[in-house]
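Colleague: I'd like to ask you about the structure that follows.
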Amino acid sequence: MKIDLFITCLADSYYPRTGIAVVKILEHLGHEVCFPKEQTCCGQPMFNTGYKDDTRNIARKMIDVFEDSDIVVTPSGSCAAMVHENFETLFEDDPVYLKKAKALAAKTHEFILFLTDVLKVDLKELGVQWQGKATYHYSCHLRGIGIEGGGAKIVDTIKQVDGLEYVQIDKPEQCCGFGGTFAMKYPQISGAMVEDKVNCIKKTEADVVICNDAGCTMNISGSCERADHPVKFITLAEIIAEGLGLLEPEHV
Amino acid sequence: MSNPRKLSQETETVSGESVELTMAGHDILFPKLPYDMKQRAKDATHNDQLQEFVNSATRMRDQLRINHCNDVFGDNYDKMRELAGSIKQHTLDHLDYYIEQFIDNATAAGTVVHYAADDKEANAICLEIAKLHSAKLVVKSKSMVTEETNLVHDLEAVGVETIETDLGEYILQLDNDAPSHLVTPMIHKNRASVGRAFARELGVEYTDDPKELTQIARRVLRDKYRQADIGISGGNFMIADSGSTVICTNEGNGRLCTSVPPVHVAFIGIEKMIPSRKHLPVFLKLLSRSAIGSPITVYNHIMTGPKRSHEADGPQEQHIILIDNGRTEVLKPETREMLRCIRCGACLNSCPVYRKVGGHSYGSVYPGPIGAILTPVFKGLANYKDLPYASSLCGACYEACPVKINIPKYLIKLRGDLIGGKHDKFIDRIFFKMWAMSLKKAWTYRMAGKFAGVFLRLRAGKSIKNKDPYLNRGWVKKVPGPAAGWTEKRDLVTPPTKDFRSWWDEHQKQKGGK
Amino acid sequence: MTRSTRESFLARLHKPLGRPSTIINIPDPPEVDESIARLVAKDADLFAIFCDKAAATGMTIHQVTEQTLHESITARLREENVNTLSVCMADSQAMTHAVAQAGMQVQDWKALPGKAGLDRQFELDAGITDVHAAIAETGSLIYQSDAEHSRGMSLIVPWHIAIVKKSQIMADLIDFWNDRSSLDAQGMPASIAIITGPSKTADIEGVLITGVHGPAMVDVFVVEDQ
Ligand code: SF4
């Protein structure tokens with residue numbers, strides 16, 4: 001099938017390897033992947049800060065870019081949730097775009113859930129092999145696409161990876177304190193939250209943290225760096241791509 | 001007990017040192033306005049005791065809720081919350097109808113119904129009742145709305161001794177402290193501070209054994225129930241089709257306050273209505289499970305009028321004061337959903353921010369996520385500008401709420417209202433406007449990204465170790481401007497030299513070349 | 001200050017609700033969908049579930065027959081060295097007799113009016129009551145006030161002894177309220193208490209303690225009557 005990629009702004013410029021992995025996996029599975037180059041951002045940073053009018057313009061653009069797509073896949077649960085939960089609320093007074101917003105939400109999927117729920121892929125059957133001791137960070141915005149309380153469903157998928165030693169983290173459902181502007185406006189509170197998260201990660205003794213949302217990764221990895229805790233952050237997409245031999249393992 | 005609440009007190013941290021808490025009593029819940037949250041929040045994150053207790057107690061209760069609710073409701077948990085939410089929403093949508101029905105039925109059962117537009121009127125009504133009965137002693141069960149009206153203060157000001165009987169509230173009252181949680185009001189205090197307060201105020205020998213402390217309180221309070229002229233309660237629910245009031249407590253103090261003294265006065269916010277008795281089980285099934293993960297509160301007392309003539313005990317008079325105090329403001333369509341709240345405290349327990357800052361940081365009677373959206377509407381958004389932003393929007397509260405109040409949605413709405421009212425900082429506005437503008441075209445977006453990337457990579461210097469152009473990220477220790485807060489607590493990652501778009505172009509070329 | 005009246009108070013509500021006066025015809029409220037809200041089926045083993053759930057709340061459960069009821073209660077009273085108690089049942093004669101026979105002082109809670117009667121309840125060691133219903137779902141006792149049922153006897157006494165007939169056990173909280181929903185305000189008892197366990201608190205550092213204000217002990221004698 002033809003799949004259009006929404007790569008998200010953070011993944012595009014900060015974590016390009018995630019997008020690379022997604023493309024390689026989907027092509028490996030025999031699908032045609034397109035990247036509409038006019039795309040920018042879903043507008044979540046403005047929306048969450050309260051700049052509704054500015055968000056509306058960005059959302060309109062995003063809707064236009066993907067208007068003709070059959071399926072839109074994005075590696076970020078957070079951006080998928082933005083489209084699913086919030087786009088509609090922007091166009092309550094604009095019936096034309098309201099309809100388009102709903103249509104976009106209906107065809108937008110988070111990558112991992114797209115793999116498991118739509119393509120019905122089982123990582124074990126697919127032959128994904130990856131060595132390492134890893135834990136998983138549940139990103140809160142998955143709540144917006146129906147994955148609640150610590151993301152047990154994603155953990156199940158992770159456990160399908162052959163060779164991966166999974167360690168459960170404490171308080172999996174507790175937010176890492178990112179929250180966009182929140183981290184800048186309330187560094188004390190946000191800092192206390194991310195310190196809590198880093199301590200939980202330390203306790204797992206994992207070498208790798210699987211984190212699929214770029215915002216959380218920026219926050220937690222930045223805090224690990226500050227705390228001098230050497231741990232590697234990676235997305236499940238990258239693990240799958242490495243585990244299928246589509247990506248060279250990362251060399252430091 | 002008529003001494004004013006103190007202005008400062010000592011508390012001991014887990015690590016043993018004494019820290020001065022500058023907040024106490026009345027000022028905690030009624031700070032100077034406009035309220036600035038940051039100082040209290042910062043103090044809280046440095047308070048070991050608070051970090052340890054609030055963090056672990058809320059987390060434990062949250063886990064109990066999740067386990068228990070999943071156990072009993074299974075896949076229906078969400079549907080159950082939907083059901084409860086829809087019953088509440090229906091009631092609020094027709095609140096005038098149900099209030100009238102309630103008034104008629106309660107009056108028919110012999111209850112005297114009073115109407116209070118605000119806190120002052122509510123207390124004035126209560127004071128009149130007290131005067132009429134020449135009341136000297138009042139026993140009171142836990143009620144958030146009486147915190148709103150500051151009732152205890154007003155009663156004591158006219159010489160009516162007023163005793164909080166909920167153990168936690170009693171301790172707070174003795175120690176001139178204020179509640180910091182909707183359900184477990186003294187969640188921020190340790191046993192040693194209780195022991196000290198008891199020794200000081202009750203003249204008993206110091207002990208910090210919770211069981212002994214509870215026994216001491218029991219002895220003191222049992223006498224008070226017997227002597228009290230009036231019992232005051234809040235109300236968890238009002239039932240329109242029978243004119244009944246329901247209060248739910250685990251300790252039994254609520255039932256004692258409403259059964260033993262000759263006069264019962266209930267302070268109830270108008271939003272506590274449910275249509276009929278057959279709806280009550282839905283809420284009884286959810287309230288305690290959401291609050292502490294137990295199937296039901298120990299005592300659910302459903303009262304319909306005062307004692308009947310043929311009964312031997314029970315209050316001879318029952319008064320219900322229906323209270324607005326800002327609720328009709330919230331009842332507007334755009335915020336009505338907030339009034340569904342049944343004050344279970346689940347959103348507080350699940351909230352990672354509450355866990356870190358504690359209840360007093362919210363500077364109002366209602367703390368936590370629900371407080372962060374209710375208080376600005378009750379007390380004016382301009383007075384509580386910080387609250388809507390003091391959230392990472394993680395959505396844990398919405399997931400926990402038994403009546404499905406979409407708290408994150410309202411936090412964002414209030415942020416928007418602040419911006420609409422030009423309450424945002426000029427620099428923030430410019431920053432977001434420019435960012436939003438750059439996102440309108442792919443090329444401006446990319447240019448802005450590249451520019452930021454170059455700037456950050458320059459500051460990152462030698463921290464860039466990886467050679468792969470898609471992975472050669474580095475770290476910045478300090479950034480200026482609106483993002484300075486970020487690097488106060490963590491390093492800022494820099495983008496690698498190449499973005500996904502570059503790879504995509506190469507990838508297309510390769511494929512074309514194949 | 002001019003005082004709010006019913007009219008002025010309701011006018012405050014009409015504004016945000018967007019209407020000039022109280023709405024007269026409203027849609028039916030949402031039904032309580034039992035496929036979602038019911039937690040115990042009517043045909044479940046209610047006796048077993050009740051005993052289980054009630055015990056989990058910290059109440060002590062005794063399974064007895066009509067023949068062994070009096071004997072079991074007096075034995076239990078002796079065990080706890082009870083001196084004075086009251087009996088508060090629809091028909092309290094037989095129980096009063098049995099307990100008095102066993103040498104305990106039975107006080108008539110109705111004999112003293114008003115405050116004096118209440119004061120007496122504060123001095124008792126225990127109170128024996130029947131119940132109006134019991135709920136298997138939560139292990140709850142339902143106790144209503146009326147001429148024969150004092151509020152204090154399940155509340156003020158340090159030890160509440162409740163007698164539940166097996167036939168009184170209802171499956172789910174829903175069942176009790178479905179039974180009542182036809183009553184008008186006057187038909188409702190002045191006080192209905194749903195009691196689930198001894199009085200509890202966890203206010204001091206989350207440590208669970210029983211017997212804060214209400215009874216520290218609740219014993220339930222479930223009588224096999226079918
Ligand atoms: S908002 Fe919801 S979760 Fe929070 S206290 Fe109210 S009912 Fe409970």
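Each chain of the structure tokens is named A, B, ... in the order shown, its residues numbered from 1; ligands are numbered from 1 in display order.
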I'd like to know which residues of segment 294-500 of chain B are strand (DSSP E) (by DSSP, run on the backbone); could you write them as a ChimeraX atom specification?

Modeller: /B:299-303,317-323,475-476,492-493

Colleague: Deliver the residues from the most recent selection as a file, using all heavy atoms, as a CSV table (one decimal), in the first residue's frame.

Modeller:
```csv
chain,number,residue,atom,x,y,z
B,299,TYR,N,-18.8,4.5,55.9
B,299,TYR,CA,-20.2,5.0,56.3
B,299,TYR,C,-20.7,5.9,55.2
B,299,TYR,O,-20.2,6.9,54.9
B,299,TYR,CB,-20.2,5.8,57.6
B,299,TYR,CG,-19.7,5.0,58.7
B,299,TYR,CD1,-18.4,5.1,59.2
B,299,TYR,CD2,-20.5,4.1,59.4
B,299,TYR,CE1,-17.9,4.4,60.3
B,299,TYR,CE2,-20.1,3.3,60.5
B,299,TYR,CZ,-18.8,3.5,60.9
B,299,TYR,OH,-18.4,2.8,62.0
B,300,ASN,N,-21.8,5.4,54.5
B,300,ASN,CA,-22.5,6.3,53.6
B,300,ASN,C,-23.8,6.6,54.3
B,300,ASN,O,-24.7,5.7,54.5
B,300,ASN,CB,-22.7,5.5,52.3
B,300,ASN,CG,-21.4,5.3,51.6
B,300,ASN,OD1,-20.8,6.2,51.0
B,300,ASN,ND2,-20.9,4.1,51.7
B,301,HIS,N,-24.0,7.8,54.6
B,301,HIS,CA,-25.2,8.2,55.4
B,301,HIS,C,-26.1,9.0,54.5
B,301,HIS,O,-25.8,10.1,54.0
B,301,HIS,CB,-24.8,9.1,56.6
B,301,HIS,CG,-25.9,9.2,57.6
B,301,HIS,ND1,-25.9,10.2,58.6
B,301,HIS,CD2,-27.0,8.5,57.8
B,301,HIS,CE1,-26.9,10.0,59.3
B,301,HIS,NE2,-27.7,9.0,58.9
B,302,ILE,N,-27.3,8.4,54.3
B,302,ILE,CA,-28.3,9.1,53.4
B,302,ILE,C,-29.4,9.6,54.3
B,302,ILE,O,-30.1,8.9,54.9
B,302,ILE,CB,-28.9,8.0,52.4
B,302,ILE,CG1,-27.8,7.5,51.5
B,302,ILE,CG2,-30.0,8.7,51.5
B,302,ILE,CD1,-27.5,6.1,51.7
B,303,MET,N,-29.5,10.9,54.3
B,303,MET,CA,-30.4,11.6,55.2
B,303,MET,C,-31.6,12.3,54.5
B,303,MET,O,-31.3,13.0,53.5
B,303,MET,CB,-29.7,12.7,56.0
B,303,MET,CG,-28.5,12.1,56.9
B,303,MET,SD,-27.3,13.3,57.3
B,303,MET,CE,-26.4,13.5,55.8
B,317,GLU,N,-33.6,19.2,64.0
B,317,GLU,CA,-33.7,20.2,62.9
B,317,GLU,C,-32.6,19.8,61.9
B,317,GLU,O,-31.5,19.5,62.2
B,317,GLU,CB,-33.3,21.6,63.4
B,317,GLU,CG,-34.5,22.3,64.0
B,317,GLU,CD,-34.1,23.7,64.4
B,317,GLU,OE1,-33.3,24.3,63.8
B,317,GLU,OE2,-34.6,24.2,65.5
B,318,GLN,N,-33.0,19.9,60.6
B,318,GLN,CA,-32.0,19.8,59.6
B,318,GLN,C,-32.0,21.0,58.6
B,318,GLN,O,-33.1,21.3,58.1
B,318,GLN,CB,-32.2,18.5,58.7
B,318,GLN,CG,-31.0,18.3,57.8
B,318,GLN,CD,-31.2,17.1,56.8
B,318,GLN,OE1,-32.3,16.9,56.3
B,318,GLN,NE2,-30.2,16.3,56.7
B,319,HIS,N,-30.9,21.6,58.5
B,319,HIS,CA,-30.8,22.8,57.6
B,319,HIS,C,-29.8,22.4,56.4
B,319,HIS,O,-28.8,21.9,56.7
B,319,HIS,CB,-30.2,24.0,58.3
B,319,HIS,CG,-31.1,24.5,59.4
B,319,HIS,ND1,-32.0,25.5,59.3
B,319,HIS,CD2,-31.1,24.1,60.7
B,319,HIS,CE1,-32.6,25.6,60.5
B,319,HIS,NE2,-32.1,24.8,61.4
B,320,ILE,N,-30.2,22.8,55.2
B,320,ILE,CA,-29.3,22.6,54.1
B,320,ILE,C,-29.1,24.0,53.5
B,320,ILE,O,-30.0,24.7,53.1
B,320,ILE,CB,-29.9,21.6,53.1
B,320,ILE,CG1,-29.9,20.2,53.7
B,320,ILE,CG2,-29.0,21.7,51.8
B,320,ILE,CD1,-30.5,19.2,52.7
B,321,ILE,N,-27.8,24.4,53.4
B,321,ILE,CA,-27.5,25.6,52.8
B,321,ILE,C,-26.9,25.3,51.4
B,321,ILE,O,-25.9,24.8,51.2
B,321,ILE,CB,-26.4,26.4,53.6
B,321,ILE,CG1,-26.9,26.6,55.1
B,321,ILE,CG2,-26.2,27.8,53.0
B,321,ILE,CD1,-25.9,27.2,56.0
B,322,LEU,N,-27.7,25.7,50.4
B,322,LEU,CA,-27.3,25.5,49.0
B,322,LEU,C,-26.4,26.7,48.6
B,322,LEU,O,-26.7,27.8,48.8
B,322,LEU,CB,-28.5,25.5,48.1
B,322,LEU,CG,-29.5,24.3,48.2
B,322,LEU,CD1,-30.7,24.5,47.3
B,322,LEU,CD2,-28.7,23.0,47.9
B,323,ILE,N,-25.2,26.3,48.1
B,323,ILE,CA,-24.2,27.3,48.0
B,323,ILE,C,-23.8,27.5,46.5
B,323,ILE,O,-23.5,26.5,45.8
B,323,ILE,CB,-23.0,27.0,48.8
B,323,ILE,CG1,-23.4,27.1,50.3
B,323,ILE,CG2,-21.8,28.0,48.6
B,323,ILE,CD1,-22.4,26.5,51.3
B,475,TRP,N,25.8,18.4,23.1
B,475,TRP,CA,25.0,18.9,24.3
B,475,TRP,C,25.4,20.4,24.6
B,475,TRP,O,26.5,20.7,24.6
B,475,TRP,CB,25.3,18.0,25.5
B,475,TRP,CG,24.9,16.6,25.3
B,475,TRP,CD1,25.7,15.6,25.0
B,475,TRP,CD2,23.5,16.1,25.4
B,475,TRP,NE1,24.9,14.4,24.8
B,475,TRP,CE2,23.6,14.7,25.1
B,475,TRP,CE3,22.3,16.7,25.7
B,475,TRP,CZ2,22.5,13.9,25.1
B,475,TRP,CZ3,21.2,15.9,25.7
B,475,TRP,CH2,21.3,14.5,25.4
B,476,VAL,N,24.4,21.1,25.0
B,476,VAL,CA,24.6,22.5,25.4
B,476,VAL,C,24.2,22.6,26.9
B,476,VAL,O,23.2,22.1,27.3
B,476,VAL,CB,23.7,23.5,24.5
B,476,VAL,CG1,23.9,24.9,25.0
B,476,VAL,CG2,24.0,23.3,23.1
B,492,LEU,N,20.8,20.6,26.9
B,492,LEU,CA,20.0,20.6,25.7
B,492,LEU,C,20.7,20.0,24.5
B,492,LEU,O,21.9,20.3,24.2
B,492,LEU,CB,19.7,22.1,25.3
B,492,LEU,CG,18.9,22.3,24.0
B,492,LEU,CD1,17.5,21.7,24.2
B,492,LEU,CD2,18.8,23.8,23.7
B,493,VAL,N,20.0,19.0,23.9
B,493,VAL,CA,20.6,18.3,22.8
B,493,VAL,C,20.7,19.2,21.5
B,493,VAL,O,19.8,20.1,21.4
B,493,VAL,CB,19.8,17.0,22.5
B,493,VAL,CG1,18.5,17.3,21.9
B,493,VAL,CG2,20.6,16.1,21.6
```

Colleague: Please, which residues have at least one atom within 7 Å of an atom of ligand 1, using only C-alpha atoms and all ligand atoms, listed as a list in words?

Modeller: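 Taking only C-alpha atoms and all ligand atoms into account, the residues around ligand 1 at most 7 Å away are Arg340, Cys341, Ile342, Arg343, Cys344, Gly345, Ala346, Cys347, Leu348, Pro369, Ile370, Cys397, Ala400, Cys401, Pro402, Val403, Lys404 and Ile405 of chain B.
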
Colleague: Based on the selection just made, write N, CA and C atoms of those residues as a PDB file, in the first residue's frame.

Modeller:
```
ATOM      1  N   ARG B 340     -18.703  18.546  37.192  1.00  0.00           N
ATOM      2  CA  ARG B 340     -19.019  17.137  37.428  1.00  0.00           C
ATOM      3  C   ARG B 340     -18.290  16.586  38.655  1.00  0.00           C
ATOM      4  N   CYS B 341     -17.215  17.252  39.035  1.00  0.00           N
ATOM      5  CA  CYS B 341     -16.271  16.726  40.028  1.00  0.00           C
ATOM      6  C   CYS B 341     -16.941  16.216  41.295  1.00  0.00           C
ATOM      7  N   ILE B 342     -16.589  14.997  41.704  1.00  0.00           N
ATOM      8  CA  ILE B 342     -17.106  14.444  42.961  1.00  0.00           C
ATOM      9  C   ILE B 342     -16.036  14.454  44.057  1.00  0.00           C
ATOM     10  N   ARG B 343     -14.958  15.194  43.843  1.00  0.00           N
ATOM     11  CA  ARG B 343     -13.918  15.405  44.858  1.00  0.00           C
ATOM     12  C   ARG B 343     -13.315  14.094  45.384  1.00  0.00           C
ATOM     13  N   CYS B 344     -13.008  13.204  44.459  1.00  0.00           N
ATOM     14  CA  CYS B 344     -12.445  11.928  44.887  1.00  0.00           C
ATOM     15  C   CYS B 344     -10.946  12.021  45.097  1.00  0.00           C
ATOM     16  N   GLY B 345     -10.321  13.026  44.509  1.00  0.00           N
ATOM     17  CA  GLY B 345      -8.880  13.189  44.687  1.00  0.00           C
ATOM     18  C   GLY B 345      -8.028  12.317  43.781  1.00  0.00           C
ATOM     19  N   ALA B 346      -8.648  11.539  42.904  1.00  0.00           N
ATOM     20  CA  ALA B 346      -7.854  10.650  42.045  1.00  0.00           C
ATOM     21  C   ALA B 346      -6.926  11.436  41.123  1.00  0.00           C
ATOM     22  N   CYS B 347      -7.399  12.589  40.681  1.00  0.00           N
ATOM     23  CA  CYS B 347      -6.551  13.371  39.773  1.00  0.00           C
ATOM     24  C   CYS B 347      -5.317  13.896  40.491  1.00  0.00           C
ATOM     25  N   LEU B 348      -5.465  14.181  41.798  1.00  0.00           N
ATOM     26  CA  LEU B 348      -4.302  14.629  42.568  1.00  0.00           C
ATOM     27  C   LEU B 348      -3.296  13.488  42.695  1.00  0.00           C
ATOM     28  N   PRO B 369      -4.815  18.968  39.841  1.00  0.00           N
ATOM     29  CA  PRO B 369      -5.331  19.262  38.504  1.00  0.00           C
ATOM     30  C   PRO B 369      -6.721  19.922  38.511  1.00  0.00           C
ATOM     31  N   ILE B 370      -7.636  19.400  39.327  1.00  0.00           N
ATOM     32  CA  ILE B 370      -8.972  19.994  39.323  1.00  0.00           C
ATOM     33  C   ILE B 370      -8.907  21.413  39.883  1.00  0.00           C
ATOM     34  N   CYS B 397      -4.547  12.740  34.836  1.00  0.00           N
ATOM     35  CA  CYS B 397      -5.752  13.128  35.588  1.00  0.00           C
ATOM     36  C   CYS B 397      -7.013  12.723  34.841  1.00  0.00           C
ATOM     37  N   ALA B 400      -7.672   9.170  35.118  1.00  0.00           N
ATOM     38  CA  ALA B 400      -8.090   8.723  36.454  1.00  0.00           C
ATOM     39  C   ALA B 400      -9.495   9.173  36.821  1.00  0.00           C
ATOM     40  N   CYS B 401      -9.941  10.270  36.248  1.00  0.00           N
ATOM     41  CA  CYS B 401     -11.172  10.918  36.724  1.00  0.00           C
ATOM     42  C   CYS B 401     -12.412  10.037  36.522  1.00  0.00           C
ATOM     43  N   PRO B 402     -13.136   9.757  37.606  1.00  0.00           N
ATOM     44  CA  PRO B 402     -14.298   8.869  37.504  1.00  0.00           C
ATOM     45  C   PRO B 402     -15.477   9.489  36.767  1.00  0.00           C
ATOM     46  N   VAL B 403     -15.466  10.808  36.577  1.00  0.00           N
ATOM     47  CA  VAL B 403     -16.558  11.433  35.827  1.00  0.00           C
ATOM     48  C   VAL B 403     -16.045  12.056  34.527  1.00  0.00           C
ATOM     49  N   LYS B 404     -14.851  11.621  34.152  1.00  0.00           N
ATOM     50  CA  LYS B 404     -14.255  11.988  32.859  1.00  0.00           C
ATOM     51  C   LYS B 404     -14.239  13.485  32.571  1.00  0.00           C
ATOM     52  N   ILE B 405     -13.720  14.244  33.484  1.00  0.00           N
ATOM     53  CA  ILE B 405     -13.508  15.666  33.204  1.00  0.00           C
ATOM     54  C   ILE B 405     -12.208  15.771  32.415  1.00  0.00           C
TER      55      ILE B 405
END
```

Colleague: Could you write out as a PyMOL selection string the residues of chain C within 7 Å of chain B, counting only C-alpha atoms?

Modeller: chain C and resi 4-6+9-10+12-14+16-17+22-24+29-30+32+36-37+110+114+138+146-147+150-151+173-174+177-178+181+184-186+188-197+199-201+203-205+209+212-214

Colleague: Determine which residues of segment 26-225 of chain C DSSP labels as alpha helix (DSSP H) from the backbone of this structure, then write them out as number ranges by chain.

Modeller: C: 34-37, 46-56, 69-79, 93-101, 114-123, 173-180

Colleague: Would you kindly return, as a list in words, each protein, DNA or RNA residue with an atom no farther than 12 Å from any atom of Thr89 of chain A, considering only C-alpha atoms and excluding same-chain residues fewer than 6 positions away?

Modeller: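 Selected residues are Phe47, Lys52, Asp53, Thr55, Arg56, Ala59, Met82, Val83, Pro95, Tyr97, Leu98, Lys99, Ala101 and Lys102 of chain A; Lys409, Ile412 and Lys413 of chain B.
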
Colleague: Please determine, counting only C-alpha atoms, which residue among A:Ser223, A:Asn86, A:Ser13, A:Thr8 has the shortest atom-to-atom distance to Pro495 of chain B.

Modeller: A:Ser13
